[in-house]
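All remarks here apply to the structure that follows.
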Amino acid sequence: MPAGQRLFVKITRESLPQVRDKYPFVYLERGRLEIDDSSIKWIDSDNHVVPLPVATLNALLLGPGTTVTHDAVKTATAANCAICWVGEDSLLFYAAGFLPTSDTRNLKRQIEHASDSKKSVEVARRMYTRRFPDAELKGKTLKEMMGMEGHRVRALYQSKAEEYQVGWKGRKFVPGKFETSDVTNQVLTASNAALYGILCSAVHSMGYSPHIGFIHSGSPLPFVYDLADLYKEHLCIDLAFSLTRDMAGRYNKHKVSAAFRERVVGMDLLACLSEDIPAMLGVPRARSRSK
């Protein structure tokens, strides 16, 4: 796949940006992370050696084919740079290393809002306002807003099925039995998982917790699922119905992955997240983005 269609461009000495402020993360794949004179360096598959300014990074995302030395982990930790293990282009999220000295301001704000019932509902209301810009949500309970969202999503599925002339019998997902679903549901499942991977990496790298949500509950990653609903209509639902018609009944994971990446890059999802998460939590001067 051409570099221009990748979510993250391969790091070389030439492509690494000169940074002054702290950047959210750098994604690395197919190489080795080690130290040289007490600083971290990246050696890629073509033997390019790139010094990494970990003091200016919130997180390193380690993709397929990467190895990391014990000393590199120690050095990154000393610089308050987290390490996450992810799939290609962070489309899957596997694990994260937590820092004992990391900045907890964002996490504290998230916990403060989630633990206060009024503030928690206000965060949820801001999230729902994105999907219902013309509705009067003031005074509505979380249960009422969730009911509105359920009706909206069911109607959205049906309208997309009619728009793309695709048969639709409802959302069906059985864990461990991906192949038993129809093509539309397969694309939905795959693109949802990819979106969750990106969001999980971004949430960790920005110092928030994926486990503290405002709408979803009783699931492993409620905050990730909360955020995903802001972007699913374009990145997952519209994609699924449009690809169903193009794939003519045969699921093609390469076509799905390429189309999903193209949409993520096109909407500049990472830039959206850097503004949307603070905006949802009511951070002063956080700019909102219309979808």
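Numbering starts fresh at 1 for the residues of each chain in the structure tokens, the chains themselves are lettered A, B, ... in the order given, and ligands are numbered from 1 as they appear.
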
Picked from range 37-219 of chain A by DSSP as strand (DSSP E or B), as a list in words: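 Here are the strand (DSSP E or B) residues of range 37-219 of chain A: Ser39, Ile40, Lys41, Trp42, Ile43, Asp44, Val49, Val50, Pro51, Leu57, Asn58, Ala59, Leu60, Leu61, Leu62, Thr66, Thr67, Val68, Ala82, Ile83, Cys84, Trp85, Val86, Phe93, Tyr94, Ala95, Ala96 and Gly97 of chain A.
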
Residue contacts of Ile215 in chain A (12 Å, only C-alpha atoms) excluding same-chain residues fewer than 2 positions away, as a PyMOL selection string: chain A and resi 114+117+120-128+141-147+149+211-213+217-219+221-229

Non-local contacts of Gly31 in chain A (9 Å; only C-alpha atoms; under 6 positions in same chain excluded) as a VMD selection string: chain A and resid 42 to 47 64 to 68

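We find CA of Gln110 in chain A and CA of Val54 in chain A to be spaced 25.1 Å apart.
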
Nearest to Ile198 in chain A by atom-to-atom distance, counting only C-alpha atoms, from A:Lys74, A:Leu28, A:Glu88, A:Pro51: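 Closest residue, counting only C-alpha atoms: A:Glu88.
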